[in-house]
Each structure stands twice: as C-alpha cells, then as structure tokens.
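Enquirer: The following block contains the structure, expressed as structure tokens.
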Amino acid sequence: MPMIRETIVTTMSREGLVHIAPLGIIADGDGWIIAPFRPSKTLENLEVLPFAVANHTDDVRIFAGCLTGRRDWPLTHSAQVPVPRLAAALAHAELAVTEMTEDAQRPRFRCRVVHRAAHAPFAGFNRAQAAVVEAAILVSRLHLLPRHKIETEIAYLGIAVAKTAGAAEREAWNWLMDKIRDS
Ligand SMILES: Cc1cc2nc3c(=O)[nH]c(=O)nc-3n(C[C@H](O)[C@H](O)[C@H](O)COP(=O)(O)O)c2cc1C
C-alpha cells in the first residue's frame, strides 16, 4: 500500500468559491494522487479547475471543523496556482492535475507538485492530534460503520485526548463528540 498523508485540501469552483476538505493524499513518486469519493465538492472543483493545494497543519480543529459544519478557515494566496492555501498551514504543496482516472465511486486525480513552501516549524508529535484525526475519519464514516465500532474506537482514542490534549485539541474533540452524539 502506498503512503497516505492526511492533509487539508483546498480547491476552487468556477465562480471562485474556495472549498476546504480533509483528504488523505496518496504518494505517487514525486507527486500525489487525490481520490475523492463521489459525491464530492472537491471532485466537482477539480473537474473544472485542475489545481489544488495540500495544506499541512497541526491545527486539528480544521480537520474536525470541516466534518462538523465549520469550514470557514482563514486563507491566503498561493504562489503558483490560482487556488488559495490555508493561512494556518505549517507547510503546503501546490498541485496541478496531470491526469484524471474516471471511476464510478472514486475517481483519481494524479497531480504534480508545482511549488512547495514551509511557513512555521513543526512542533513535534502530539497524541491527541493523531486521535482527533482518527476520530474525524470515524465521523466521516458514521453512515457506514456499526455503532459499536465507533463507540469502541472513540473510547480508546479518548484516552490520548484526556492525557495529552491542549485547548485546540480538546475543542476539536468536543465538536466531533457532539456530532457523534447527535447522529
Ligand atoms: C483525515 C481524513 C481523510 C479523509 N480522506 C478522504 C479521501 O481520501 N477521500 C474522500 O473522499 N474523503 C476523505 N475524507 C472525508 C472527507 O473529508 C469528507 O467526506 C469531505 O466532505 C469530502 O467531500 P467534499 O469534497 O464534498 O467536502 C477524509 C476525512 C478525514 C478526516
């Protein structure tokens, strides 16, 4: 299996509306593959404007926020592509689509990196951040997974949050827990 990096992908519609979504981008030599499941705004946008930004951030509120109706995160212009990047990105890669492979469920957009930049230092691993990203993935699959699996995994992930979270991780975790409770 190829390596997958969990990022916040920004794309833009024909009208210039930016869409922000957590996506696991798939390593592909020097480039990356973006593989959105249908239906997806990211997919629609890539079909009309074949550029994206892979934003690398340790602010896990953006992962949790996008899954809980909080998509309005500050943006700033990119260097080489028309799609903006997240202002909070520690680093980002600007991507141009070179090939699309159609699929009824999950089309794949092969991308080359046209520019990359670092903006802030990586501050080290935090277990609660990893737990929030895992919980966000569970929330994105609430309609697919059995309830007992969600509850068992959340109970385990919650240990790392209780032991290691800072304020941002706790806030992100609480948004996700509210969403699970209301589902
Ligand atoms: C860490 C993480 C990785 C994800 N990776 C993918 C992915 O590779 N493909 C996908 O379709 N959805 C993925 N999702 C779910 C999407 O973020 C979510 O369903 C999103 O709304 C995609 O649809 P959109 O483009 O309409 O926003 C991921 C979610 C998380 C939290």
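Scheme for the structure tokens: letters A, B, ... for chains in order shown; per-chain residue numbers from 1; ligand numbers from 1 in order shown.
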I'd like to know which residues of stretch 56-129 of chain A are alpha helix (DSSP H) (by DSSP, run on the backbone); could you write them as a PyMOL selection string?

Expert: chain A and resi 60-67+127-129

Enquirer: For A:Glu99, find every residue with an atom within 10 Å (counting only C-alpha atoms), except residues of its own chain fewer than 6 positions away, and show them as a list in words.

Expert: Ile33, Pro50, Arg108, Phe109, Arg110, Cys111 and Arg112 of chain A

Enquirer: Kindly provide the residues of chain A that approach ligand 1 to within 10 Å, each paired with its closest atom pair and their distance in Å to one decimal, based on only C-alpha atoms and all ligand atoms, listed by chain and increasing number, as a Markdown table.

Expert:
```
| residue | atom | partner | partner_atom_place_in_ligand_line | distance |
| --- | --- | --- | --- | --- |
| A:Ile4 | CA | ligand 1 | 8 (O) | 8.7 |
| A:Arg5 | CA | ligand 1 | 1 (C) | 8.5 |
| A:Glu6 | CA | ligand 1 | 1 (C) | 5.0 |
| A:Thr7 | CA | ligand 1 | 1 (C) | 6.8 |
| A:Ile8 | CA | ligand 1 | 1 (C) | 8.1 |
| A:Val9 | CA | ligand 1 | 25 (O) | 8.8 |
| A:Thr10 | CA | ligand 1 | 25 (O) | 9.4 |
| A:Thr11 | CA | ligand 1 | 25 (O) | 8.9 |
| A:His19 | CA | ligand 1 | 27 (O) | 7.1 |
| A:Ile20 | CA | ligand 1 | 27 (O) | 6.8 |
| A:Ala21 | CA | ligand 1 | 27 (O) | 4.8 |
| A:Pro22 | CA | ligand 1 | 17 (O) | 4.1 |
| A:Leu23 | CA | ligand 1 | 5 (N) | 3.4 |
| A:Gly24 | CA | ligand 1 | 5 (N) | 4.1 |
| A:Ile25 | CA | ligand 1 | 8 (O) | 6.1 |
| A:Ile26 | CA | ligand 1 | 8 (O) | 8.0 |
| A:Ile33 | CA | ligand 1 | 8 (O) | 9.2 |
| A:Ile34 | CA | ligand 1 | 8 (O) | 6.7 |
| A:Ala35 | CA | ligand 1 | 9 (N) | 5.3 |
| A:Pro36 | CA | ligand 1 | 11 (O) | 3.3 |
| A:Phe37 | CA | ligand 1 | 11 (O) | 3.7 |
| A:Arg38 | CA | ligand 1 | 11 (O) | 6.8 |
| A:Pro39 | CA | ligand 1 | 26 (O) | 6.5 |
| A:Ser40 | CA | ligand 1 | 26 (O) | 3.4 |
| A:Lys41 | CA | ligand 1 | 26 (O) | 3.7 |
| A:Thr42 | CA | ligand 1 | 25 (O) | 3.7 |
| A:Leu43 | CA | ligand 1 | 25 (O) | 6.1 |
| A:Glu44 | CA | ligand 1 | 25 (O) | 8.0 |
| A:Asn45 | CA | ligand 1 | 25 (O) | 8.5 |
| A:Leu46 | CA | ligand 1 | 25 (O) | 9.8 |
| A:Val60 | CA | ligand 1 | 31 (C) | 9.5 |
| A:Ile62 | CA | ligand 1 | 31 (C) | 9.4 |
| A:Phe63 | CA | ligand 1 | 31 (C) | 5.6 |
| A:Ala64 | CA | ligand 1 | 31 (C) | 6.9 |
| A:Gly65 | CA | ligand 1 | 31 (C) | 9.5 |
| A:Cys66 | CA | ligand 1 | 21 (O) | 7.1 |
| A:Leu67 | CA | ligand 1 | 21 (O) | 6.6 |
| A:Thr68 | CA | ligand 1 | 21 (O) | 9.6 |
| A:Gly69 | CA | ligand 1 | 21 (O) | 9.7 |
| A:Arg71 | CA | ligand 1 | 27 (O) | 9.4 |
| A:Gln105 | CA | ligand 1 | 11 (O) | 9.3 |
| A:Arg106 | CA | ligand 1 | 11 (O) | 7.3 |
| A:Pro107 | CA | ligand 1 | 11 (O) | 9.4 |
| A:Arg108 | CA | ligand 1 | 9 (N) | 9.7 |
| A:Ala130 | CA | ligand 1 | 1 (C) | 9.5 |
| A:Val132 | CA | ligand 1 | 31 (C) | 8.6 |
| A:Val133 | CA | ligand 1 | 1 (C) | 5.3 |
| A:Glu134 | CA | ligand 1 | 1 (C) | 6.7 |
| A:Ala135 | CA | ligand 1 | 31 (C) | 7.5 |
| A:Ala136 | CA | ligand 1 | 31 (C) | 4.2 |
| A:Ile137 | CA | ligand 1 | 31 (C) | 4.1 |
| A:Leu138 | CA | ligand 1 | 31 (C) | 7.6 |
| A:Val139 | CA | ligand 1 | 31 (C) | 7.5 |
| A:Ser140 | CA | ligand 1 | 15 (C) | 5.2 |
| A:Arg141 | CA | ligand 1 | 15 (C) | 7.8 |
```

Enquirer: Between A:Val83, A:Leu75, A:Ala131, A:Leu95, which one has atoms that come closest to A:Gly31, using only C-alpha atoms?

Expert: A:Leu95

Enquirer: If we count only C-alpha atoms and set the cut-off at 9 Å, which residues sit around A:Leu49, ignoring sequence neighbours fewer than 6 positions away in its own chain? Please answer as a list in words.

Expert: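 That gives Thr11, Met12, Ser13, Arg14, Pro82, Val83 and Val97 of chain A.
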
Enquirer: Keeping only C-alpha atoms, write those residues as an mmCIF file, in the first residue's frame.

Expert:
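So the final result, stored in part_35.cif, reads:
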```
data_model
loop_
_atom_site.group_PDB
_atom_site.id
_atom_site.type_symbol
_atom_site.label_atom_id
_atom_site.label_comp_id
_atom_site.auth_asym_id
_atom_site.auth_seq_id
_atom_site.Cartn_x
_atom_site.Cartn_y
_atom_site.Cartn_z
ATOM 1 C CA THR A 11 -9.855 23.636 -4.319
ATOM 2 C CA MET A 12 -11.877 26.327 -6.086
ATOM 3 C CA SER A 13 -15.097 26.419 -8.100
ATOM 4 C CA ARG A 14 -15.550 28.129 -11.455
ATOM 5 C CA PRO A 82 -4.982 30.092 -8.562
ATOM 6 C CA VAL A 83 -6.290 28.189 -5.512
ATOM 7 C CA VAL A 97 -3.671 17.831 -12.045
#
```

Enquirer: Might you pull out every residue within 7 Å of A:Thr57, with only C-alpha atoms counted and same-chain residues fewer than 2 positions away left off, and present them as an NGL selection string?

Expert: :A and (55 or 59 or 88-90)

Enquirer: Between A:Asp28, A:Arg116, A:Trp173, A:Glu15, which is the closest to A:Ala160 once you count only C-alpha atoms?

Expert: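 Ranking A:Asp28, A:Arg116, A:Trp173, A:Glu15 by distance to A:Ala160, first place goes to A:Trp173.
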
Enquirer: To one decimal place in Å, what is the distance between atom CA of A:Met177 and atom CA of A:Glu151?

Expert: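 Atom-to-atom, atom CA of A:Met177 and atom CA of A:Glu151 are spaced 10.4 Å apart.
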
Enquirer: Can you work out which one of A:Leu142, A:Ala96, A:Val48, A:Ala123 has the shortest atom-to-atom distance to A:Leu176, counting only C-alpha atoms?

Expert: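 So, comparing all the options, the nearest one is A:Leu142.
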
Enquirer: Excluding stretch 162-165 of chain A and residues on its chain fewer than 5 positions from it, collect all residues at most 10 Å away from it, counting only C-alpha atoms, and give them as a list in words.

Expert: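 Here the answer would be Asn126, Arg127, Ala128, Gln129, Ala131, Val132, Leu157, Arg170, Glu171, Ala172 and Trp173 of chain A.
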
Enquirer: Grab the atom CA of A:Asn174 to atom CA of A:Ala54 distance for me, in Å with one decimal place.

Expert: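 A separation of 25.5 Å between them.
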
Enquirer: Check the DSSP output for the backbone and give back, as a list in words, the residues of stretch 94-166 of chain A in strand (DSSP E).

Expert: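 Output for stretch 94-166 of chain A, strand (DSSP E) only: Glu94, Leu95, Ala96, Val97, Thr98, Glu99, Met100, Thr101, Arg108, Phe109, Arg110, Cys111, Arg112, Val113, Val114, His115, Arg116, Ala117 and Ala118 of chain A.
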
Enquirer: Which distance in Å separates atom CA of A:Asp103 and atom CA of A:Leu17, to one decimal?

Expert: 25.2 Å

Enquirer: Between A:Phe125, A:Trp175, A:Phe51, A:Tyr156, which has the minimum distance to A:Gln80 (counting only C-alpha atoms)?

Expert: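 The closest residue to A:Gln80 is A:Phe51.
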
Enquirer: Counting only C-alpha atoms, which residue out of A:Glu47, A:Pro146, A:Asp182, A:Met3 sits closest to A:Ala27?

Expert: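 Looking at the shortest contact to A:Ala27, the residue is A:Met3.
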
Enquirer: Measuring between only C-alpha atoms, which one of A:His143, A:Asp58, A:Gly29, A:Ala93 shows the shortest distance to A:Glu169?

Expert: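 Checking each of A:His143, A:Asp58, A:Gly29, A:Ala93 against A:Glu169, counting only C-alpha atoms, the winner is A:Asp58.
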